[in-house]
file final.txt (compact mmCIF, C-alpha atoms)
# COMPACT_ATOMS: atom_id res chain seq x y z
CA MET V 1 30.74 163.03 -130.86
CA HIS V 2 30.65 164.18 -134.50
CA ARG V 3 34.29 163.24 -134.86
CA ASP V 4 33.60 159.76 -133.47
CA ILE V 5 30.80 159.26 -136.01
CA LEU V 6 33.09 160.31 -138.87
CA HIS V 7 35.94 158.12 -137.66
CA GLY V 8 33.60 155.18 -137.27
CA ALA V 9 32.34 155.58 -140.83
CA ARG V 10 35.90 155.94 -142.12
CA ASP V 11 36.97 152.69 -140.41
CA GLY V 12 33.74 150.90 -141.26
CA LEU V 13 33.92 151.57 -145.00
CA PRO V 14 36.87 149.30 -145.94
CA ILE V 15 35.39 146.59 -143.75
CA GLY V 16 32.08 147.04 -145.55
CA LEU V 17 33.68 146.69 -148.99
CA GLY V 18 35.25 143.41 -147.94
CA TYR V 19 31.96 142.30 -146.45
CA PHE V 20 30.08 142.99 -149.68
CA ALA V 21 32.07 140.47 -151.73
CA VAL V 22 31.80 137.76 -149.11
CA ALA V 23 28.12 138.49 -148.46
CA PHE V 24 27.49 138.24 -152.20
CA SER V 25 28.77 134.67 -152.23
CA LEU V 26 26.78 134.00 -149.06
CA GLY V 27 23.73 135.19 -150.98
CA ILE V 28 24.32 132.42 -153.52
CA THR V 29 24.13 129.90 -150.67
CA ALA V 30 21.03 131.65 -149.34
CA LYS V 31 19.36 131.49 -152.74
CA ALA V 32 20.09 127.78 -152.97
CA ALA V 33 18.34 127.43 -149.60
CA GLY V 34 15.26 129.16 -151.00
CA LEU V 35 15.59 132.64 -149.50
CA VAL V 36 14.27 135.70 -151.34
CA PRO V 37 16.34 138.94 -151.32
CA ALA V 38 14.40 140.54 -148.44
CA GLN V 39 14.90 137.45 -146.31
CA GLY V 40 18.60 137.47 -147.09
CA PHE V 41 18.81 141.13 -146.11
CA ILE V 42 16.96 140.51 -142.82
CA ALA V 43 18.95 137.37 -142.01
CA SER V 44 22.21 139.23 -142.59
CA PHE V 45 21.12 142.35 -140.71
CA LEU V 46 20.10 140.35 -137.64
CA ASN V 47 22.90 137.78 -137.64
CA HIS V 48 25.89 139.46 -139.34
CA ALA V 49 28.13 136.42 -138.89
CA SER V 50 29.66 134.78 -141.96
CA ALA V 51 30.15 131.31 -140.48
CA GLY V 52 26.87 131.40 -138.59
CA GLU V 53 24.86 132.49 -141.61
CA TYR V 54 26.57 130.03 -143.86
CA ALA V 55 25.58 127.31 -141.38
CA LEU V 56 22.07 128.76 -141.12
CA PHE V 57 21.50 128.70 -144.89
CA SER V 58 22.94 125.19 -145.19
CA LEU V 59 20.60 124.00 -142.44
CA ILE V 60 17.61 125.70 -144.07
CA ALA V 61 18.51 123.95 -147.32
CA ALA V 62 18.63 120.65 -145.42
CA ASN V 63 15.24 121.34 -143.77
CA ALA V 64 16.90 120.93 -140.36
CA ALA V 65 15.05 121.20 -137.05
CA TYR V 66 14.89 124.60 -135.32
CA TRP V 67 16.76 123.30 -132.29
CA GLU V 68 19.53 122.14 -134.58
CA VAL V 69 19.83 125.68 -135.94
CA ALA V 70 19.99 127.03 -132.37
CA MET V 71 22.73 124.53 -131.46
CA VAL V 72 24.81 125.19 -134.57
CA ILE V 73 24.54 128.97 -134.18
CA CYS V 74 25.69 128.56 -130.57
CA ILE V 75 28.73 126.63 -131.75
CA THR V 76 29.65 128.69 -134.82
CA ASN V 77 29.18 131.98 -132.96
CA ALA V 78 30.75 130.87 -129.68
CA ARG V 79 33.72 133.11 -130.38
CA TYR V 80 31.48 136.12 -129.82
CA LEU V 81 31.13 135.04 -126.19
CA LEU V 82 34.84 135.70 -125.80
CA MET V 83 34.75 138.96 -127.72
CA SER V 84 31.75 140.13 -125.72
CA ALA V 85 33.55 139.27 -122.48
CA ALA V 86 36.63 141.15 -123.65
CA LEU V 87 34.64 144.21 -124.74
CA SER V 88 32.95 144.35 -121.32
CA GLN V 89 36.31 145.49 -119.94
CA LYS V 90 36.32 148.47 -122.34
CA PHE V 91 33.11 150.09 -121.08
CA SER V 92 33.44 153.16 -118.90
CA PRO V 93 31.52 152.69 -115.63
CA GLU V 94 29.31 155.65 -116.57
CA THR V 95 28.17 154.14 -119.89
CA PRO V 96 24.38 153.56 -119.78
CA PHE V 97 23.34 149.91 -119.80
CA PHE V 98 21.52 149.99 -123.18
CA HIS V 99 24.84 150.67 -124.92
CA ARG V 100 26.00 147.24 -123.76
CA LEU V 101 23.00 145.65 -125.49
CA LEU V 102 23.38 147.58 -128.74
CA ILE V 103 27.16 147.38 -129.03
CA GLY V 104 26.92 143.69 -128.11
CA PHE V 105 24.43 143.17 -130.93
CA GLY V 106 26.95 144.70 -133.35
CA ILE V 107 29.90 142.44 -132.51
CA THR V 108 31.58 140.87 -135.53
CA ASP V 109 35.18 139.73 -135.88
CA GLU V 110 36.14 143.03 -137.53
CA ILE V 111 33.99 145.42 -135.47
CA PHE V 112 35.34 143.75 -132.35
CA GLY V 113 38.83 144.37 -133.72
CA LEU V 114 38.08 148.07 -134.14
CA GLY V 115 36.67 148.27 -130.61
CA ILE V 116 39.66 146.58 -129.01
CA ALA V 117 42.01 148.82 -130.99
CA GLN V 118 40.42 151.94 -129.45
CA LYS V 119 42.49 153.74 -126.85
CA GLY V 120 40.77 154.01 -123.49
CA TRP V 121 37.03 153.54 -123.05
CA LEU V 122 34.81 152.63 -125.98
CA SER V 123 32.97 155.44 -127.74
CA PRO V 124 29.44 154.17 -128.47
CA ALA V 125 29.07 156.71 -131.32
CA TYR V 126 32.22 155.38 -133.00
CA MET V 127 31.11 151.77 -132.61
CA TYR V 128 27.59 152.40 -133.96
CA SER V 129 28.89 154.34 -136.92
CA ALA V 130 31.45 151.71 -137.94
CA PHE V 131 28.95 148.92 -137.42
CA LEU V 132 26.14 150.53 -139.41
CA VAL V 133 28.35 151.30 -142.42
CA ALA V 134 29.80 147.79 -142.50
CA GLU V 135 26.42 146.22 -141.78
CA LEU V 136 24.64 147.91 -144.69
CA PHE V 137 27.25 146.54 -147.10
CA TRP V 138 26.94 143.10 -145.51
CA SER V 139 23.14 142.98 -145.72
CA SER V 140 22.85 144.47 -149.20
CA GLY V 141 25.65 142.18 -150.39
CA THR V 142 23.64 139.16 -149.29
CA ALA V 143 20.49 140.45 -151.02
CA SER V 144 22.52 141.20 -154.17
CA GLY V 145 23.92 137.67 -154.18
CA ILE V 146 20.40 136.28 -154.06
CA ILE V 147 19.26 138.58 -156.88
CA ALA V 148 22.29 138.34 -159.17
CA GLY V 149 23.79 135.01 -158.18
CA ASN V 150 21.70 133.16 -160.75
CA ILE V 151 22.39 135.50 -163.67
CA LEU V 152 26.13 135.01 -163.32
CA PRO V 153 27.89 132.42 -165.50
CA ALA V 154 28.53 129.04 -163.86
CA ASN V 155 32.30 129.53 -163.70
CA VAL V 156 31.91 132.83 -161.84
CA VAL V 157 29.47 131.30 -159.36
CA SER V 158 31.83 128.38 -158.87
CA ALA V 159 34.68 130.81 -158.17
CA LEU V 160 32.64 132.94 -155.76
CA SER V 161 31.44 129.90 -153.85
CA VAL V 162 34.87 129.49 -152.24
CA ALA V 163 35.05 133.13 -151.02
CA ILE V 164 33.54 132.25 -147.67
CA TYR V 165 36.11 129.51 -147.10
CA GLY V 166 38.86 131.95 -148.06
CA MET V 167 37.60 134.24 -145.34
CA PHE V 168 37.58 131.39 -142.84
CA LEU V 169 41.19 130.58 -143.77
CA ALA V 170 42.15 134.22 -143.30
CA ILE V 171 40.71 134.02 -139.77
CA ILE V 172 42.28 130.72 -138.66
CA ILE V 173 45.68 130.60 -140.41
CA PRO V 174 47.41 133.70 -138.95
CA PRO V 175 46.77 132.57 -135.32
CA ALA V 176 47.89 129.07 -136.35
CA ARG V 177 51.18 130.56 -137.46
CA GLU V 178 51.62 132.29 -134.09
CA ASN V 179 50.46 129.39 -131.93
CA ARG V 180 51.54 125.78 -132.53
CA VAL V 181 48.63 124.37 -130.56
CA VAL V 182 46.16 126.25 -132.73
CA ALA V 183 48.05 125.04 -135.82
CA GLY V 184 47.86 121.46 -134.58
CA LEU V 185 44.17 121.74 -133.77
CA VAL V 186 43.43 123.20 -137.22
CA LEU V 187 45.18 120.25 -138.87
CA VAL V 188 43.43 117.76 -136.59
CA SER V 189 40.13 119.49 -137.40
CA PHE V 190 40.77 119.20 -141.15
CA ALA V 191 41.63 115.51 -140.76
CA CYS V 192 38.67 114.64 -138.54
CA SER V 193 36.27 116.62 -140.70
CA PHE V 194 37.51 114.77 -143.75
CA ALA V 195 37.21 111.44 -141.89
CA PHE V 196 33.64 112.29 -140.87
CA SER V 197 32.79 113.01 -144.51
CA VAL V 198 33.85 109.56 -145.74
CA LEU V 199 33.56 107.08 -142.83
CA PRO V 200 30.47 104.89 -142.68
CA LEU V 201 27.83 105.79 -140.06
CA VAL V 202 29.19 109.25 -139.18
CA SER V 203 29.11 110.47 -142.77
CA ALA V 204 25.32 110.08 -142.61
CA LEU V 205 25.09 112.70 -139.85
CA SER V 206 23.92 116.16 -140.89
CA GLY V 207 26.58 118.79 -141.52
CA GLY V 208 25.44 120.72 -138.46
CA MET V 209 25.74 117.73 -136.13
CA LYS V 210 29.19 116.92 -137.49
CA THR V 211 30.27 120.50 -136.81
CA ILE V 212 28.93 120.39 -133.24
CA ILE V 213 30.43 117.01 -132.37
CA LEU V 214 33.84 117.73 -133.86
CA THR V 215 34.10 121.26 -132.45
CA VAL V 216 33.18 120.29 -128.90
CA ALA V 217 35.35 117.15 -128.93
CA ILE V 218 38.47 118.68 -130.49
CA SER V 219 38.28 121.93 -128.49
CA ALA V 220 37.73 120.03 -125.22
CA VAL V 221 40.68 117.72 -125.89
CA GLY V 222 42.76 120.77 -126.78
CA ALA V 223 41.70 122.54 -123.57
CA VAL V 224 42.61 119.51 -121.44
CA LEU V 225 45.97 118.82 -123.11
CA PHE V 226 47.01 122.43 -123.73
CA PRO V 227 45.36 124.73 -121.21
CA VAL V 228 45.65 128.40 -122.11
CA ARG V 229 46.92 130.53 -119.24
CA ASP V 230 47.66 133.97 -120.49
CA THR V 231 45.19 134.95 -123.21
CA LYS V 232 42.86 137.82 -122.84
CA GLY V 233 39.36 136.73 -123.73
CA GLY V 234 39.00 137.97 -127.26
CA GLU V 235 41.16 137.36 -130.28
CA THR V 236 40.63 139.54 -133.28
CA ALA V 237 40.04 137.85 -136.56
CA MET B 238 7.79 118.68 -141.50
CA THR B 239 8.10 121.96 -143.35
CA HIS B 240 9.75 124.89 -141.63
CA SER B 241 9.33 128.64 -142.03
CA ILE B 242 12.36 130.53 -143.30
CA TYR B 243 11.40 133.48 -141.09
CA ILE B 244 11.35 131.31 -137.96
CA TYR B 245 14.75 129.90 -138.95
CA ILE B 246 16.07 133.45 -139.26
CA LEU B 247 14.53 134.53 -135.94
CA VAL B 248 15.89 131.48 -134.09
CA ALA B 249 19.38 132.21 -135.45
CA ALA B 250 19.05 135.93 -134.71
CA GLY B 251 17.82 135.33 -131.15
CA VAL B 252 20.64 132.91 -130.34
CA SER B 253 23.22 135.20 -131.97
CA PHE B 254 21.94 138.15 -129.96
CA LEU B 255 22.09 136.26 -126.65
CA ILE B 256 25.61 135.00 -127.35
CA ARG B 257 26.85 138.49 -128.17
CA VAL B 258 25.08 140.29 -125.34
CA LEU B 259 25.06 137.93 -122.35
CA PRO B 260 28.77 138.08 -121.47
CA LEU B 261 28.78 141.83 -121.99
CA THR B 262 25.88 142.33 -119.61
CA LEU B 263 26.38 139.51 -117.10
CA ILE B 264 30.08 138.79 -116.76
CA ARG B 265 31.74 141.80 -115.21
CA LYS B 266 34.80 139.83 -114.11
CA GLN B 267 37.28 137.79 -116.19
CA ILE B 268 36.56 134.07 -116.51
CA THR B 269 39.08 132.28 -114.29
CA ASN B 270 38.29 128.61 -114.98
CA THR B 271 41.25 127.46 -117.08
CA PHE B 272 39.41 124.68 -118.88
CA LEU B 273 36.53 126.96 -119.88
CA ARG B 274 38.88 129.73 -120.99
CA SER B 275 40.96 127.29 -123.02
CA PHE B 276 37.92 125.61 -124.52
CA LEU B 277 36.43 128.94 -125.60
CA PHE B 278 39.80 130.04 -126.92
CA TYR B 279 40.07 127.00 -129.23
CA VAL B 280 36.43 126.81 -130.34
CA PRO B 281 36.53 129.45 -133.10
CA TYR B 282 39.56 127.96 -134.83
CA VAL B 283 38.32 124.39 -134.62
CA THR B 284 34.81 125.16 -135.79
CA LEU B 285 35.99 127.24 -138.77
CA ALA B 286 38.56 124.60 -139.71
CA VAL B 287 35.94 121.85 -139.56
CA MET B 288 33.63 123.87 -141.79
CA THR B 289 36.36 124.77 -144.28
CA PHE B 290 37.73 121.35 -145.11
CA PRO B 291 36.74 119.27 -147.02
CA ALA B 292 33.86 121.64 -147.92
CA ILE B 293 36.14 124.00 -149.90
CA VAL B 294 37.14 121.10 -152.15
CA ASP B 295 33.52 120.26 -152.92
CA ALA B 296 32.37 123.87 -153.38
CA ALA B 297 33.87 124.38 -156.84
CA ARG B 298 32.82 122.41 -159.90
CA TYR B 299 36.14 120.54 -160.03
CA PRO B 300 37.71 119.20 -156.80
CA ALA B 301 41.16 120.15 -158.14
CA ALA B 302 40.01 123.79 -158.35
CA GLY B 303 38.87 123.60 -154.74
CA VAL B 304 42.27 122.23 -153.73
CA ALA B 305 43.93 125.12 -155.58
CA ALA B 306 41.77 127.58 -153.62
CA LEU B 307 42.70 125.86 -150.35
CA ILE B 308 46.43 126.08 -151.09
CA VAL B 309 46.26 129.70 -152.27
CA GLY B 310 44.15 130.67 -149.24
CA VAL B 311 46.43 128.98 -146.70
CA VAL B 312 49.61 130.43 -148.24
CA LEU B 313 48.27 134.00 -148.48
CA ALA B 314 46.74 133.92 -144.99
CA TRP B 315 50.01 132.50 -143.66
CA PHE B 316 51.84 135.53 -144.99
CA GLY B 317 49.36 137.87 -143.39
CA ALA B 318 46.90 138.83 -146.15
CA GLY B 319 43.57 140.09 -144.82
CA LEU B 320 40.09 138.61 -145.12
CA PHE B 321 39.21 140.34 -148.35
CA PRO B 322 42.42 139.66 -150.33
CA VAL B 323 42.42 136.02 -149.26
CA ALA B 324 38.77 135.53 -150.17
CA VAL B 325 39.20 137.16 -153.59
CA SER B 326 42.40 135.22 -154.32
CA CYS B 327 40.67 131.93 -153.54
CA CYS B 328 37.95 132.88 -156.04
CA GLY B 329 40.64 133.75 -158.60
CA ALA B 330 42.38 130.42 -158.02
CA VAL B 331 39.17 128.52 -158.73
CA PHE B 332 38.42 130.63 -161.79
CA LEU B 333 41.88 130.06 -163.30
CA ALA B 334 42.01 126.39 -162.34
CA GLU B 335 38.65 125.76 -163.98
CA LEU B 336 39.75 127.59 -167.12
CA LEU B 337 42.80 125.32 -167.31
CA LEU B 338 40.86 122.17 -166.49
CA GLY B 339 38.17 123.06 -169.01
CA ALA B 340 40.78 123.62 -171.71
CA VAL B 341 42.43 120.22 -171.18

call {"tool": "encode", "arguments": {"input": "final.txt", "output": "structure tokens"}}
result
Amino acid sequence: MHRDILHGARDGLPIGLGYFAVAFSLGITAKAAGLVPAQGFIASFLNHASAGEYALFSLIAANAAYWEVAMVICITNARYLLMSAALSQKFSPETPFFHRLLIGFGITDEIFGLGIAQKGWLSPAYMYSAFLVAELFWSSGTASGIIAGNILPANVVSALSVAIYGMFLAIIIPPARENRVVAGLVLVSFACSFAFSVLPLVSALSGGMKTIILTVAISAVGAVLFPVRDTKGGETA
Amino acid sequence: MTHSIYIYILVAAGVSFLIRVLPLTLIRKQITNTFLRSFLFYVPYVTLAVMTFPAIVDAARYPAAGVAALIVGVVLAWFGAGLFPVAVSCCGAVFLAELLLGAV
């Protein structure tokens, strides 16, 4: 048990350091949406999802409807459905039910990766330890971005504002290299997203609606044309 | 209509929690429907790609700097760099590109 806690902290620390930098830039987005540091901390602690929070803050800035937030979070965080399904296979039958709730709450791309990499059944102590260490960096990074984002020079803020997209690229490009269908879908997504940003009528849609429409349409077409037969549910980031 | 930031956060948190926890607690067997499996498999890549471009180009002060970040990010990620190195390199690309553009 003690060893699991130590190992979890050891594996969570490098993840946390990476999280801090990205969360800092997320904090700049949060500040632009009108969040104060405590709100940024809470939002990050409860959501801990880079893409989902980025979408959340953009929607807050746009004064979107609550249902729109719910829809967009469903779409941007849909990958956690797969990860959650995959992790369910790693629970020992004797594990008490509440561990499923708490470990489920802690799923992120990286924490999921740690869990899947474990030999044998999941150790709840290991998972909680890794999650908490990474999570504190993530939440405090967001709050720091809100506090310090506006005292940084404009060129530094401009540079940091692309960090989140860099992280997205680091998630989607390696699988695109391994899988031609994913590569094709990423390119199609880039093209359609660009088209939706310039074409009349659709360019007037909110960012969240564009994301929903394009994601559902492109993924559904991909699923019909290129059904996947042999993947296990979750893919690590 | 004005909205409360706290309600926004709670809506997002509630939905996030359900998404993360429902499969873990409800689905004890593997999903067998091929369409659903394929759809869920593609969703993360498509949604992140849609959100990345053209937004990355518009995020920096100069579009050319955003393009530089996109190229640097794609190349480094292609060769296997992790989340953190890619994110930091994209920031560096924008910083350098804007220095150059500002000097011209």

call {"tool": "closest_atom_pairs", "arguments": {"input": "final.txt", "of": "chain B", "to": "chain V", "cutoff": "6 Å", "atoms": "all atoms listed in the file", "output": "tab-separated table"}}
result
residue	atom	partner	partner_atom	distance
B:Ile246	CA	V:Ala43	CA	5.6
B:Ala250	CA	V:Asn47	CA	5.2
B:Phe254	CA	V:Phe105	CA	5.7
B:Ile256	CA	V:Leu81	CA	5.6
B:Arg257	CA	V:Gly104	CA	5.2
B:Val258	CA	V:Gly104	CA	4.8
B:Pro260	CA	V:Ala85	CA	5.0
B:Leu261	CA	V:Ser88	CA	4.9
B:Phe272	CA	V:Ala223	CA	5.6
B:Ser275	CA	V:Ala223	CA	4.8
B:Phe276	CA	V:Ala223	CA	5.0
B:Tyr279	CA	V:Ser219	CA	5.4
B:Val280	CA	V:Ser219	CA	5.5
B:Pro281	CA	V:Arg79	CA	5.4
B:Tyr282	CA	V:Ile172	CA	5.4
B:Val283	CA	V:Thr215	CA	5.7
B:Thr284	CA	V:Thr215	CA	5.2
B:Ala286	CA	V:Val186	CA	5.6
B:Val287	CA	V:Ser189	CA	5.3
B:Thr289	CA	V:Tyr165	CA	5.5
B:Phe290	CA	V:Phe190	CA	5.4
B:Pro291	CA	V:Phe194	CA	5.6
B:Ala297	CA	V:Ser158	CA	4.9
B:Gly310	CA	V:Gly166	CA	5.6
B:Ala314	CA	V:Ala170	CA	4.9
B:Trp315	CA	V:Pro174	CA	5.5
B:Leu320	CA	V:Met167	CA	5.0
B:Phe321	CA	V:Gly18	CA	5.0
B:Val323	CA	V:Gly166	CA	5.5
B:Ala324	CA	V:Gly166	CA	4.2
B:Cys327	CA	V:Gly166	CA	5.8
B:Cys328	CA	V:Ala159	CA	4.4
B:Val331	CA	V:Ala159	CA	5.1
B:Phe332	CA	V:Ala159	CA	5.2

call {"tool": "atom_distance", "arguments": {"input": "final.txt", "atom1": "atom CA of V:Thr29", "atom2": "atom CA of V:Ser139"}}
result
14.0 Å

call {"tool": "closest_residue", "arguments": {"input": "final.txt", "among": "V:Ile151, V:Ile28, V:Met127, V:Val133", "to": "B:Ala296", "atoms": "all atoms listed in the file"}}
result
V:Ile28

call {"tool": "atom_distance", "arguments": {"input": "final.txt", "atom1": "atom CA of V:Gly113", "atom2": "atom CA of B:Gly329"}}
result
27.1 Å

call {"tool": "closest_residue", "arguments": {"input": "final.txt", "among": "V:Pro96, V:Leu136, V:Arg180, V:Lys90", "to": "V:Ile116", "atoms": "all atoms listed in the file"}}
result
V:Lys90

call {"tool": "atom_distance", "arguments": {"input": "final.txt", "atom1": "atom CA of V:Ala62", "atom2": "atom CA of V:Asp109"}}
result
27.0 Å

call {"tool": "residues_around", "arguments": {"input": "final.txt", "residues": "B:Tyr299", "least_positions_apart": "3", "cutoff": "9 Å", "atoms": "all atoms listed in the file", "output": "list in words"}}
result
Val294, Asp295, Ala296, Ala302, Gly303, Val304, Val331, Ala334, Glu335 and Leu338 of chain B

call {"tool": "closest_residue", "arguments": {"input": "final.txt", "among": "V:Gly141, V:Ser92, V:Ala148, V:Val202", "to": "V:Gly120", "atoms": "only C-alpha atoms"}}
result
V:Ser92

call {"tool": "closest_residue", "arguments": {"input": "final.txt", "among": "V:Thr142, V:Ser123, V:Asn179, V:Ser129", "to": "V:Ile5", "atoms": "only C-alpha atoms"}}
result
V:Ser129

call {"tool": "closest_residue", "arguments": {"input": "final.txt", "among": "V:His7, V:His2, V:Lys119, V:Lys31", "to": "V:Ile147", "atoms": "only C-alpha atoms"}}
result
V:Lys31

call {"tool": "build_atoms", "arguments": {"input": "final.txt", "residues": "stretch 65-78 of chain V", "atoms": "N, CA and C atoms", "output": "PDB file, in the frame of the given file"}}
result
ATOM      1  N   ALA V  65      15.945 120.792-138.139  1.00  0.00           N
ATOM      2  CA  ALA V  65      15.050 121.200-137.050  1.00  0.00           C
ATOM      3  C   ALA V  65      15.503 122.547-136.488  1.00  0.00           C
ATOM      4  N   TYR V  66      14.548 123.285-135.878  1.00  0.00           N
ATOM      5  CA  TYR V  66      14.890 124.600-135.320  1.00  0.00           C
ATOM      6  C   TYR V  66      15.941 124.481-134.219  1.00  0.00           C
ATOM      7  N   TRP V  67      15.800 123.441-133.385  1.00  0.00           N
ATOM      8  CA  TRP V  67      16.760 123.300-132.290  1.00  0.00           C
ATOM      9  C   TRP V  67      18.161 123.069-132.833  1.00  0.00           C
ATOM     10  N   GLU V  68      18.224 122.405-133.985  1.00  0.00           N
ATOM     11  CA  GLU V  68      19.530 122.140-134.580  1.00  0.00           C
ATOM     12  C   GLU V  68      20.171 123.463-135.015  1.00  0.00           C
ATOM     13  N   VAL V  69      19.334 124.359-135.571  1.00  0.00           N
ATOM     14  CA  VAL V  69      19.830 125.680-135.940  1.00  0.00           C
ATOM     15  C   VAL V  69      20.354 126.406-134.699  1.00  0.00           C
ATOM     16  N   ALA V  70      19.578 126.352-133.604  1.00  0.00           N
ATOM     17  CA  ALA V  70      19.990 127.030-132.370  1.00  0.00           C
ATOM     18  C   ALA V  70      21.328 126.487-131.884  1.00  0.00           C
ATOM     19  N   MET V  71      21.474 125.153-131.915  1.00  0.00           N
ATOM     20  CA  MET V  71      22.730 124.530-131.460  1.00  0.00           C
ATOM     21  C   MET V  71      23.907 124.958-132.336  1.00  0.00           C
ATOM     22  N   VAL V  72      23.705 124.880-133.656  1.00  0.00           N
ATOM     23  CA  VAL V  72      24.810 125.190-134.570  1.00  0.00           C
ATOM     24  C   VAL V  72      25.212 126.656-134.469  1.00  0.00           C
ATOM     25  N   ILE V  73      24.216 127.541-134.331  1.00  0.00           N
ATOM     26  CA  ILE V  73      24.540 128.970-134.180  1.00  0.00           C
ATOM     27  C   ILE V  73      25.327 129.185-132.891  1.00  0.00           C
ATOM     28  N   CYS V  74      24.930 128.484-131.829  1.00  0.00           N
ATOM     29  CA  CYS V  74      25.690 128.560-130.570  1.00  0.00           C
ATOM     30  C   CYS V  74      27.149 128.201-130.818  1.00  0.00           C
ATOM     31  N   ILE V  75      27.362 127.118-131.535  1.00  0.00           N
ATOM     32  CA  ILE V  75      28.730 126.630-131.750  1.00  0.00           C
ATOM     33  C   ILE V  75      29.497 127.568-132.681  1.00  0.00           C
ATOM     34  N   THR V  76      28.891 127.897-133.846  1.00  0.00           N
ATOM     35  CA  THR V  76      29.650 128.690-134.820  1.00  0.00           C
ATOM     36  C   THR V  76      29.893 130.112-134.302  1.00  0.00           C
ATOM     37  N   ASN V  77      29.009 130.612-133.441  1.00  0.00           N
ATOM     38  CA  ASN V  77      29.180 131.980-132.960  1.00  0.00           C
ATOM     39  C   ASN V  77      29.760 132.039-131.556  1.00  0.00           C
ATOM     40  N   ALA V  78      30.241 130.902-131.065  1.00  0.00           N
ATOM     41  CA  ALA V  78      30.750 130.870-129.680  1.00  0.00           C
ATOM     42  C   ALA V  78      31.873 131.867-129.476  1.00  0.00           C
TER      43      ALA V  78
END
